[in-house]
>>> print(open('data-v6.txt').read())   # compact mmCIF, C-alpha atoms
# COMPACT_ATOMS: atom_id res chain seq x y z
CA MET A 1 -130.42 173.32 -44.98
CA ARG A 2 -128.62 171.88 -48.00
CA ILE A 3 -125.21 170.74 -46.85
CA VAL A 4 -122.40 169.47 -49.06
CA ILE A 5 -119.75 167.20 -47.57
CA ALA A 6 -116.66 166.83 -49.73
CA ASN A 7 -114.22 164.04 -48.88
CA GLY A 8 -113.18 162.98 -45.41
CA ARG A 9 -113.36 159.60 -43.78
CA HIS A 10 -114.75 158.79 -40.36
CA GLU A 11 -115.30 162.44 -39.49
CA ALA A 12 -117.43 162.71 -42.64
CA ASP A 13 -119.34 159.61 -41.63
CA PHE A 14 -119.97 161.07 -38.18
CA MET A 15 -121.19 164.41 -39.52
CA ILE A 16 -123.45 162.76 -42.06
CA LYS A 17 -125.13 160.76 -39.29
CA LYS A 18 -125.66 163.90 -37.28
CA PHE A 19 -126.97 165.97 -40.19
CA ILE A 20 -129.40 163.22 -41.18
CA GLN A 21 -130.73 163.20 -37.64
CA ASP A 22 -131.27 166.94 -37.86
CA ASN A 23 -133.16 166.50 -41.15
CA HIS A 24 -130.75 168.39 -43.37
CA LYS A 25 -130.55 167.66 -47.05
CA LEU A 26 -127.14 166.17 -47.77
CA ILE A 27 -124.94 166.05 -50.84
CA VAL A 28 -121.96 163.77 -50.32
CA ILE A 29 -118.89 163.68 -52.57
CA ASN A 30 -115.90 161.43 -51.96
CA SER A 31 -112.79 160.78 -54.02
CA ASP A 32 -112.23 157.43 -52.32
CA GLN A 33 -114.60 155.01 -54.01
CA LYS A 34 -114.31 152.30 -51.36
CA PHE A 35 -114.89 154.62 -48.45
CA GLY A 36 -117.65 156.38 -50.37
CA ARG A 37 -119.45 153.07 -50.69
CA TYR A 38 -118.98 152.46 -46.96
CA ILE A 39 -120.52 155.85 -46.11
CA SER A 40 -123.34 155.23 -48.53
CA ASN A 41 -124.22 151.80 -47.13
CA ASN A 42 -123.81 152.97 -43.59
CA ASN A 43 -126.08 156.00 -43.81
CA HIS A 44 -128.34 155.22 -46.77
CA VAL A 45 -127.32 158.34 -48.64
CA PRO A 46 -126.13 158.61 -52.23
CA VAL A 47 -122.40 159.34 -52.47
CA LEU A 48 -120.97 160.78 -55.65
CA PHE A 49 -117.54 159.41 -56.44
CA GLY A 50 -115.25 162.09 -57.89
CA ASP A 51 -112.68 164.85 -57.51
CA SER A 52 -114.36 167.74 -55.72
CA THR A 53 -111.80 170.26 -57.04
CA LYS A 54 -113.24 169.79 -60.54
CA ALA A 55 -116.14 172.02 -61.42
CA TYR A 56 -117.93 169.28 -63.36
CA THR A 57 -117.99 167.00 -60.30
CA LEU A 58 -119.60 169.71 -58.22
CA ASP A 59 -121.97 170.39 -61.10
CA ASP A 60 -122.95 166.70 -61.34
CA ALA A 61 -123.48 166.65 -57.59
CA GLY A 62 -125.88 169.57 -57.94
CA ILE A 63 -124.38 171.80 -55.27
CA HIS A 64 -125.71 175.04 -56.80
CA ASP A 65 -126.81 177.53 -54.13
CA ALA A 66 -126.22 175.05 -51.29
CA ASP A 67 -126.20 176.59 -47.81
CA VAL A 68 -122.95 175.08 -46.55
CA LEU A 69 -120.03 173.14 -47.97
CA ILE A 70 -117.64 171.33 -45.67
CA ALA A 71 -114.31 170.25 -47.18
CA LEU A 72 -112.69 167.45 -45.19
CA SER A 73 -109.84 166.20 -47.33
CA THR A 74 -106.45 165.60 -45.69
CA ASP A 75 -104.96 167.71 -48.47
CA ASP A 76 -105.33 171.36 -47.44
CA ILE A 77 -104.95 172.75 -50.93
CA GLU A 78 -107.60 170.39 -52.29
CA ASN A 79 -109.96 171.78 -49.66
CA TYR A 80 -109.07 175.32 -50.65
CA VAL A 81 -109.81 174.73 -54.34
CA THR A 82 -113.04 172.88 -53.51
CA CYS A 83 -114.25 175.77 -51.34
CA ILE A 84 -113.28 178.52 -53.77
CA THR A 85 -114.90 176.68 -56.68
CA ALA A 86 -118.08 176.13 -54.66
CA LYS A 87 -118.22 179.76 -53.66
CA ARG A 88 -117.36 181.45 -56.92
CA ILE A 89 -118.94 179.17 -59.48
CA PHE A 90 -121.78 177.52 -57.60
CA ASN A 91 -122.74 180.33 -55.28
CA VAL A 92 -122.56 178.21 -52.12
CA LYS A 93 -123.32 180.49 -49.18
CA ARG A 94 -120.81 179.30 -46.63
CA CYS A 95 -117.67 177.22 -47.00
CA VAL A 96 -115.87 175.47 -44.20
CA SER A 97 -112.43 173.99 -44.72
CA VAL A 98 -110.49 171.68 -42.50
CA VAL A 99 -106.72 172.13 -42.60
CA ARG A 100 -103.84 170.03 -41.34
CA ASN A 101 -101.28 172.81 -41.30
CA PRO A 102 -102.10 175.35 -38.56
CA LYS A 103 -100.18 178.08 -40.41
CA ARG A 104 -102.84 178.01 -43.12
CA VAL A 105 -105.79 178.97 -40.89
CA ASP A 106 -105.35 182.73 -41.26
CA LEU A 107 -104.18 182.44 -44.86
CA PHE A 108 -107.30 180.56 -45.95
CA LYS A 109 -109.50 183.12 -44.19
CA ASN A 110 -107.67 185.98 -45.90
CA LEU A 111 -108.24 184.27 -49.23
CA GLY A 112 -111.99 184.16 -48.64
CA ILE A 113 -112.83 180.84 -46.97
CA ASP A 114 -115.58 181.58 -44.43
CA SER A 115 -114.47 179.20 -41.76
CA VAL A 116 -111.24 177.29 -41.27
CA ILE A 117 -110.80 174.55 -38.73
CA CYS A 118 -107.53 173.02 -37.62
CA SER A 119 -107.35 170.72 -34.64
CA THR A 120 -103.71 171.55 -33.90
CA TYR A 121 -104.50 175.26 -34.10
CA LEU A 122 -107.48 174.96 -31.76
CA LEU A 123 -105.45 172.95 -29.31
CA GLY A 124 -102.65 175.53 -29.46
CA GLU A 125 -105.04 178.43 -28.94
CA SER A 126 -106.75 176.85 -25.96
CA ILE A 127 -103.44 175.98 -24.36
CA LYS A 128 -102.33 179.56 -24.89
CA TYR A 129 -105.42 180.91 -23.18
CA GLU A 130 -105.33 178.35 -20.42
CA SER A 131 -101.76 179.24 -19.58
CA LEU A 132 -102.26 182.99 -19.91
CA ILE A 133 -104.80 183.08 -17.17
CA GLU A 134 -104.62 181.66 -13.71
CA SER A 135 -106.44 178.52 -12.80
CA PHE A 136 -109.60 180.07 -11.41
CA THR A 137 -110.61 181.51 -14.74
CA LYS A 138 -111.87 179.58 -17.71
CA THR A 139 -112.19 181.00 -21.17
CA LEU A 140 -114.06 180.21 -24.31
CA THR A 141 -113.59 181.86 -27.68
CA LEU A 142 -116.22 182.54 -30.32
CA GLU A 143 -116.28 183.71 -33.93
CA ASN A 144 -112.77 182.63 -34.78
CA ASP A 145 -111.25 184.12 -31.64
CA LYS A 146 -112.75 187.57 -32.08
CA ILE A 147 -114.80 187.27 -28.90
CA VAL A 148 -113.71 185.70 -25.64
CA ILE A 149 -115.88 184.71 -22.74
CA THR A 150 -114.03 184.66 -19.44
CA GLU A 151 -115.37 182.98 -16.37
CA MET A 152 -114.05 184.40 -13.12
CA MET A 153 -114.45 183.27 -9.54
CA ILE A 154 -114.73 186.14 -7.03
CA GLU A 155 -112.68 185.75 -3.90
CA GLU A 156 -113.06 187.46 -0.55
CA ASP A 157 -109.99 189.68 -0.84
CA MET A 158 -110.60 190.96 -4.36
CA ALA A 159 -111.08 194.71 -4.55
CA ILE A 160 -114.47 194.41 -6.28
CA SER A 161 -115.87 191.88 -3.84
CA GLY A 162 -118.73 193.29 -1.74
CA LYS A 163 -119.30 196.30 -4.01
CA LEU A 164 -122.22 197.43 -6.13
CA ILE A 165 -121.47 197.42 -9.84
CA LYS A 166 -122.23 201.14 -10.15
CA ASN A 167 -119.61 201.91 -7.50
CA ILE A 168 -116.84 200.05 -9.25
CA LYS A 169 -114.53 202.02 -11.51
CA PHE A 170 -114.30 199.67 -14.49
CA PRO A 171 -111.75 200.06 -17.23
CA PRO A 172 -113.32 200.65 -20.66
CA ARG A 173 -114.86 197.84 -22.70
CA VAL A 174 -115.78 195.58 -19.81
CA ASN A 175 -119.10 193.79 -19.92
CA ILE A 176 -120.25 191.56 -17.09
CA SER A 177 -122.88 189.57 -18.92
CA CYS A 178 -123.96 187.36 -16.12
CA ILE A 179 -123.41 186.61 -12.44
CA TYR A 180 -123.80 183.03 -11.37
CA ARG A 181 -124.56 182.69 -7.66
CA ASP A 182 -125.46 179.07 -7.14
CA PRO A 183 -128.26 178.28 -7.95
CA GLU A 184 -129.26 181.72 -9.17
CA VAL A 185 -128.37 183.32 -12.51
CA ILE A 186 -128.35 187.11 -12.32
CA ILE A 187 -128.32 189.44 -15.27
CA PRO A 188 -126.59 192.34 -13.58
CA ASN A 189 -127.39 196.02 -13.56
CA GLY A 190 -125.77 198.90 -11.67
CA ASP A 191 -127.41 197.91 -8.41
CA SER A 192 -126.15 194.33 -8.48
CA LEU A 193 -123.82 193.42 -5.66
CA ILE A 194 -120.71 191.37 -6.34
CA GLN A 195 -120.05 188.89 -3.57
CA SER A 196 -117.30 186.48 -2.85
CA GLY A 197 -118.12 183.08 -4.34
CA ASP A 198 -119.85 184.63 -7.37
CA LYS A 199 -118.89 183.47 -10.80
CA LEU A 200 -118.77 186.31 -13.30
CA ILE A 201 -119.17 185.74 -17.01
CA ILE A 202 -117.35 188.49 -18.89
CA VAL A 203 -117.47 189.06 -22.64
CA SER A 204 -114.59 190.94 -24.25
CA THR A 205 -112.15 190.95 -27.13
CA PRO A 206 -109.06 188.74 -26.73
CA HIS A 207 -107.00 191.90 -26.79
CA ASP A 208 -108.64 193.25 -23.62
CA GLN A 209 -108.77 189.96 -21.79
CA GLU A 210 -105.47 190.25 -20.00
CA MET A 211 -106.19 193.81 -18.89
CA ILE A 212 -109.61 192.77 -17.62
CA THR A 213 -108.36 189.79 -15.63
CA LYS A 214 -105.68 191.98 -14.13
CA PHE A 215 -108.30 194.51 -13.08
CA PHE A 216 -110.57 191.94 -11.49
CA LYS A 217 -107.76 190.31 -9.66
CA THR A 218 -106.72 193.51 -7.93
CA ARG A 219 -106.65 192.68 -4.22
CA THR A 220 -108.04 195.01 -1.57
CA GLU A 221 -104.62 195.89 -0.19
CA ASP A 222 -103.29 196.87 -3.64
CA ASN A 223 -105.90 199.60 -3.72
CA GLU A 224 -105.15 201.18 -0.39
CA MET B 1 -81.00 198.09 -62.93
CA LYS B 2 -83.66 198.62 -60.32
CA LYS B 3 -82.75 197.43 -56.85
CA THR B 4 -86.14 196.41 -55.55
CA LYS B 5 -88.99 194.46 -57.16
CA SER B 6 -86.95 193.10 -60.03
CA LYS B 7 -86.78 189.43 -59.11
CA ILE B 8 -88.46 186.72 -61.09
CA LEU B 9 -89.74 183.71 -59.15
CA ILE B 10 -90.32 180.36 -60.81
CA VAL B 11 -92.33 177.80 -58.88
CA GLY B 12 -91.74 174.20 -59.86
CA SER B 13 -88.55 173.02 -61.53
CA GLY B 14 -90.11 170.74 -64.12
CA ARG B 15 -89.17 170.83 -67.77
CA LEU B 16 -91.06 174.09 -68.33
CA GLY B 17 -90.01 175.83 -65.12
CA ALA B 18 -86.36 174.86 -65.52
CA SER B 19 -86.23 175.93 -69.18
CA ILE B 20 -87.81 179.31 -68.44
CA ALA B 21 -85.41 179.78 -65.53
CA GLY B 22 -82.39 179.06 -67.75
CA LYS B 23 -83.56 181.37 -70.50
CA LEU B 24 -84.45 184.35 -68.29
CA SER B 25 -81.27 183.91 -66.30
CA SER B 26 -79.15 183.94 -69.47
CA GLN B 27 -80.89 187.18 -70.47
CA GLY B 28 -79.56 188.76 -67.30
CA HIS B 29 -82.64 188.62 -65.09
CA ASP B 30 -82.45 187.97 -61.38
CA VAL B 31 -84.14 184.56 -61.18
CA VAL B 32 -85.08 182.41 -58.20
CA ILE B 33 -86.48 178.92 -58.68
CA ILE B 34 -88.20 176.91 -55.97
CA ASP B 35 -89.14 173.23 -55.86
CA LYS B 36 -89.87 170.95 -52.95
CA ASP B 37 -87.73 168.19 -54.43
CA ILE B 38 -83.99 168.88 -54.72
CA SER B 39 -83.54 166.35 -57.52
CA SER B 40 -85.77 168.48 -59.77
CA PHE B 41 -82.97 171.02 -60.12
CA ARG B 42 -81.06 168.54 -62.30
CA LYS B 43 -83.21 169.84 -65.15
CA LEU B 44 -81.62 173.29 -64.85
CA ASN B 45 -79.03 173.84 -67.57
CA ASP B 46 -75.70 175.63 -67.39
CA GLU B 47 -77.22 178.92 -68.48
CA PHE B 48 -78.95 179.21 -65.13
CA GLY B 49 -77.12 181.54 -62.78
CA GLY B 50 -79.80 182.27 -60.20
CA TYR B 51 -80.75 180.77 -56.86
CA ASP B 52 -82.45 177.43 -56.38
CA ILE B 53 -84.42 176.96 -53.19
CA VAL B 54 -85.74 173.68 -51.84
CA GLY B 55 -89.05 174.35 -50.16
CA ASP B 56 -92.81 174.56 -50.27
CA ALA B 57 -93.89 177.67 -52.18
CA SER B 58 -97.35 177.54 -50.59
CA ASP B 59 -95.77 178.26 -47.21
CA LEU B 60 -95.79 182.00 -46.46
CA PHE B 61 -92.77 181.66 -44.21
CA VAL B 62 -90.73 180.19 -47.06
CA LEU B 63 -91.98 182.87 -49.46
CA GLU B 64 -91.12 185.69 -47.10
CA ASN B 65 -87.85 184.47 -45.68
CA ASP B 66 -86.24 182.27 -48.34
CA VAL B 67 -87.67 183.70 -51.53
CA MET B 68 -87.92 187.33 -50.30
CA ILE B 69 -91.26 187.66 -52.02
CA ASN B 70 -91.37 191.42 -51.42
CA GLU B 71 -88.63 191.82 -54.04
CA VAL B 72 -90.47 189.75 -56.62
CA ASN B 73 -92.02 191.43 -59.65
CA GLU B 74 -92.96 188.42 -61.70
CA VAL B 75 -93.97 184.85 -60.87
CA ILE B 76 -94.27 181.84 -63.16
CA ILE B 77 -96.06 178.89 -61.55
CA THR B 78 -95.51 175.51 -63.16
CA THR B 79 -95.84 172.71 -60.60
CA ASP B 80 -97.47 169.49 -61.75
CA SER B 81 -100.61 170.06 -59.66
CA ASP B 82 -103.30 172.43 -60.88
CA ASN B 83 -104.64 172.86 -57.37
CA VAL B 84 -101.24 173.85 -56.00
CA ASN B 85 -100.70 176.21 -58.94
CA LEU B 86 -104.04 177.87 -58.38
CA PHE B 87 -103.48 178.23 -54.65
CA ILE B 88 -100.02 179.76 -55.09
CA ALA B 89 -101.36 182.09 -57.80
CA HIS B 90 -104.05 183.29 -55.39
CA ILE B 91 -101.47 183.83 -52.65
CA CYS B 92 -99.22 185.84 -54.99
CA PHE B 93 -102.15 187.94 -56.21
CA TYR B 94 -104.32 188.48 -53.13
CA ILE B 95 -101.69 188.43 -50.37
CA TYR B 96 -98.53 189.79 -52.00
CA ASP B 97 -99.99 191.86 -54.82
CA ILE B 98 -97.39 190.74 -57.35
CA PRO B 99 -97.93 192.60 -60.64
CA HIS B 100 -97.08 189.86 -63.14
CA ILE B 101 -98.30 186.33 -62.49
CA TYR B 102 -98.34 183.48 -65.00
CA VAL B 103 -99.78 180.10 -64.12
CA ARG B 104 -99.98 176.81 -65.96
CA LEU B 105 -103.26 174.93 -65.67
CA ASN B 106 -103.88 171.56 -67.27
CA ASP B 107 -107.59 171.81 -66.61
CA ASN B 108 -109.04 174.71 -68.60
CA ASP B 109 -112.15 174.75 -66.37
CA LYS B 110 -110.06 175.98 -63.45
CA GLY B 111 -109.27 179.16 -65.37
CA ILE B 112 -112.61 180.59 -64.19
CA LEU B 113 -111.17 180.82 -60.70
CA LEU B 114 -108.71 183.41 -61.96
CA ASN B 115 -111.37 185.71 -63.39
CA ASN B 116 -111.27 189.28 -62.09
CA THR B 117 -107.53 189.06 -61.49
CA THR B 118 -104.55 190.09 -63.60
CA ILE B 119 -103.19 186.54 -63.46
CA LYS B 120 -102.35 185.16 -66.90
CA THR B 121 -103.03 181.52 -67.64
CA ILE B 122 -101.14 179.07 -69.82
CA PHE B 123 -103.27 176.13 -70.96
CA PRO B 124 -101.31 173.22 -72.48
CA PHE B 125 -104.63 171.84 -73.75
CA THR B 126 -105.41 174.97 -75.72
CA LEU B 127 -101.88 175.18 -77.11
CA SER B 128 -101.91 171.56 -78.29
CA TYR B 129 -105.39 171.89 -79.73
CA GLU B 130 -104.57 175.04 -81.63
CA ASP B 131 -101.27 173.62 -82.84
CA TYR B 132 -103.03 170.54 -84.17
CA MET B 133 -105.67 172.62 -85.94
CA LYS B 134 -103.03 174.87 -87.46
CA LYS B 135 -100.91 171.95 -88.69
CA ARG B 136 -103.96 170.23 -90.09
CA LYS B 137 -104.79 173.34 -92.04
CA GLU B 138 -101.22 173.71 -93.35
CA ASN B 139 -101.29 170.10 -94.42
CA GLY B 140 -104.22 170.82 -96.69
CA SER B 141 -107.53 169.02 -96.74
CA HIS B 142 -107.10 165.30 -96.02
CA GLU B 143 -109.84 164.30 -98.41
CA ASN B 144 -107.97 165.85 -101.31
CA ARG B 145 -104.86 163.87 -100.52
CA ASN B 146 -106.66 160.57 -100.61
CA SER B 147 -108.38 161.13 -103.91
>>> encode(input="data-v6.txt", output="structure tokens")
Amino acid sequence: MRIVIANGRHEADFMIKKFIQDNHKLIVINSDQKFGRYISNNNHVPVLFGDSTKAYTLDDAGIHDADVLIALSTDDIENYVTCITAKRIFNVKRCVSVVRNPKRVDLFKNLGIDSVICSTYLLGESIKYESLIESFTKTLTLENDKIVITEMMIEEDMAISGKLIKNIKFPPRVNISCIYRDPEVIIPNGDSLIQSGDKLIIVSTPHDQEMITKFFKTRTEDNE
Amino acid sequence: MKKTKSKILIVGSGRLGASIAGKLSSQGHDVVIIDKDISSFRKLNDEFGGYDIVGDASDLFVLENDVMINEVNEVIITTDSDNVNLFIAHICFYIYDIPHIYVRLNDNDKGILLNNTTIKTIFPFTLSYEDYMKKRKENGSHENRNS
């Protein structure tokens, strides 16, 4: 892949190392001449010194039709302009922007940036999910929070424990993707039995997650 | 006068922003001017009778709650950063659908990023260039003068 890395400091350096290892073709642009030289010496890659929000810099760097551009400046708006210029003028396929201000994540996406990363935002989201759900479940989100994967431990007194999947009355939009019964991994069908001690991997939308956890956590006595 | 959607928002209280604010305000328009630096409002003259807001116009919360962007019909964006101007212009156009947007850009190349929108650009470069060419023409051919 042809990957463009615009600005950034040590995180840029780290990514460049990784991408070189994976044999990607790199185009590196940095507006800090001193740090650019450091990256260049450190990784033996050419670094173009310049302002990545200017079309002529991107033109000089030869980013036309690149596969990915990653904008790592500490200035959110600079990253926005870099990404939009790369997309609209140079036909770069996918643009990733880092932002400092978590409020800008959704805004940047609405304005057409493919992927927006904010460490504060990610931290906030994971804390939100961690606190939403009790300790025996772990969650992971994919595709910018559109998909969540919930891991759930089955306990003896849960209503679904000891039942075949086909005999359980599931709410809509529930998908048990996998049952982990140490050391076995089971891809379940209707005849799979859910036992206490199983770990279920459930894929859903974030919207349904709370409803699903509530359902699974129904205890036997609640049902009677 | 119409009650809704009649406000004019000016972003950036520099010489240009402040002058436009004063003029439009004196003509009876409902004008709001925003700048992140309170000392910029010193440039506003006595004609100005609108609101001045200290804040970041690229922050949607500020736009919605302080500026009341849903009542805005026209925006003039004149901060000293082209990137900020472009970003705010995109927000006003794509997010808030404001019918009349004017933006100042020092770098003519960035104008391409406003293609396929109704955003109008003001290029100081072009204005200066054209003004020079016009004055040069009015002045007559320089060669003639020397001979």
>>> closest_atom_pairs(input="data-v6.txt", of="stretch 51-71 of chain B", to="stretch 77-95 of chain B", cutoff="9 Å", atoms="all atoms listed in the file", output="tab-separated table")
residue	atom	partner	partner_atom	distance
B:Ala57	CA	B:Ile88	CA	7.1
B:Ser58	CA	B:Ile88	CA	5.7
B:Leu60	CA	B:Ile91	CA	8.6
B:Ile69	CA	B:Cys92	CA	8.7
>>> residues_around(input="data-v6.txt", residues="B:Val54", least_positions_apart="4", cutoff="6 Å", atoms="all atoms listed in the file", output="list in words")
Ile34, Asp35, Lys36 and Ile38 of chain B
>>> residues_around(input="data-v6.txt", residues="B:Ile10", least_positions_apart="5", cutoff="7 Å", atoms="all atoms listed in the file", output="VMD selection string")
chain B and resid 17 21 32 to 34 75 to 77
>>> closest_residue(input="data-v6.txt", among="B:Ile122, B:Val72, B:Ile101, B:Val62", to="chain A", atoms="only C-alpha atoms")
B:Val62
>>> interface_residues(input="data-v6.txt", of="chain A", to="chain B", cutoff="7 Å", atoms="all atoms listed in the file", output="list of chain:residue names")
A:Ala55, A:Ile77, A:Glu78, A:Val81, A:Thr85, A:Leu111
>>> closest_residue(input="data-v6.txt", among="B:Leu105, B:Asp97, B:Leu114, B:Leu127", to="A:Ile84", atoms="all atoms listed in the file")
B:Leu114
>>> closest_residue(input="data-v6.txt", among="A:Met158, A:Ile89, A:Ile63, A:Leu58", to="B:Gly111", atoms="all atoms listed in the file")
A:Ile89
>>> residues_around(input="data-v6.txt", residues="A:Leu72", least_positions_apart="3", cutoff="6 Å", atoms="only C-alpha atoms", output="list in words")
Asn7, Gly8 and Val98 of chain A
>>> atom_distance(input="data-v6.txt", atom1="atom CA of B:Lys120", atom2="atom CA of B:Val31")
19.1 Å
>>> atom_distance(input="data-v6.txt", atom1="atom CA of B:Thr117", atom2="atom CA of B:Tyr96")
13.1 Å
>>> atom_distance(input="data-v6.txt", atom1="atom CA of A:Glu125", atom2="atom CA of A:Asn144")
10.6 Å
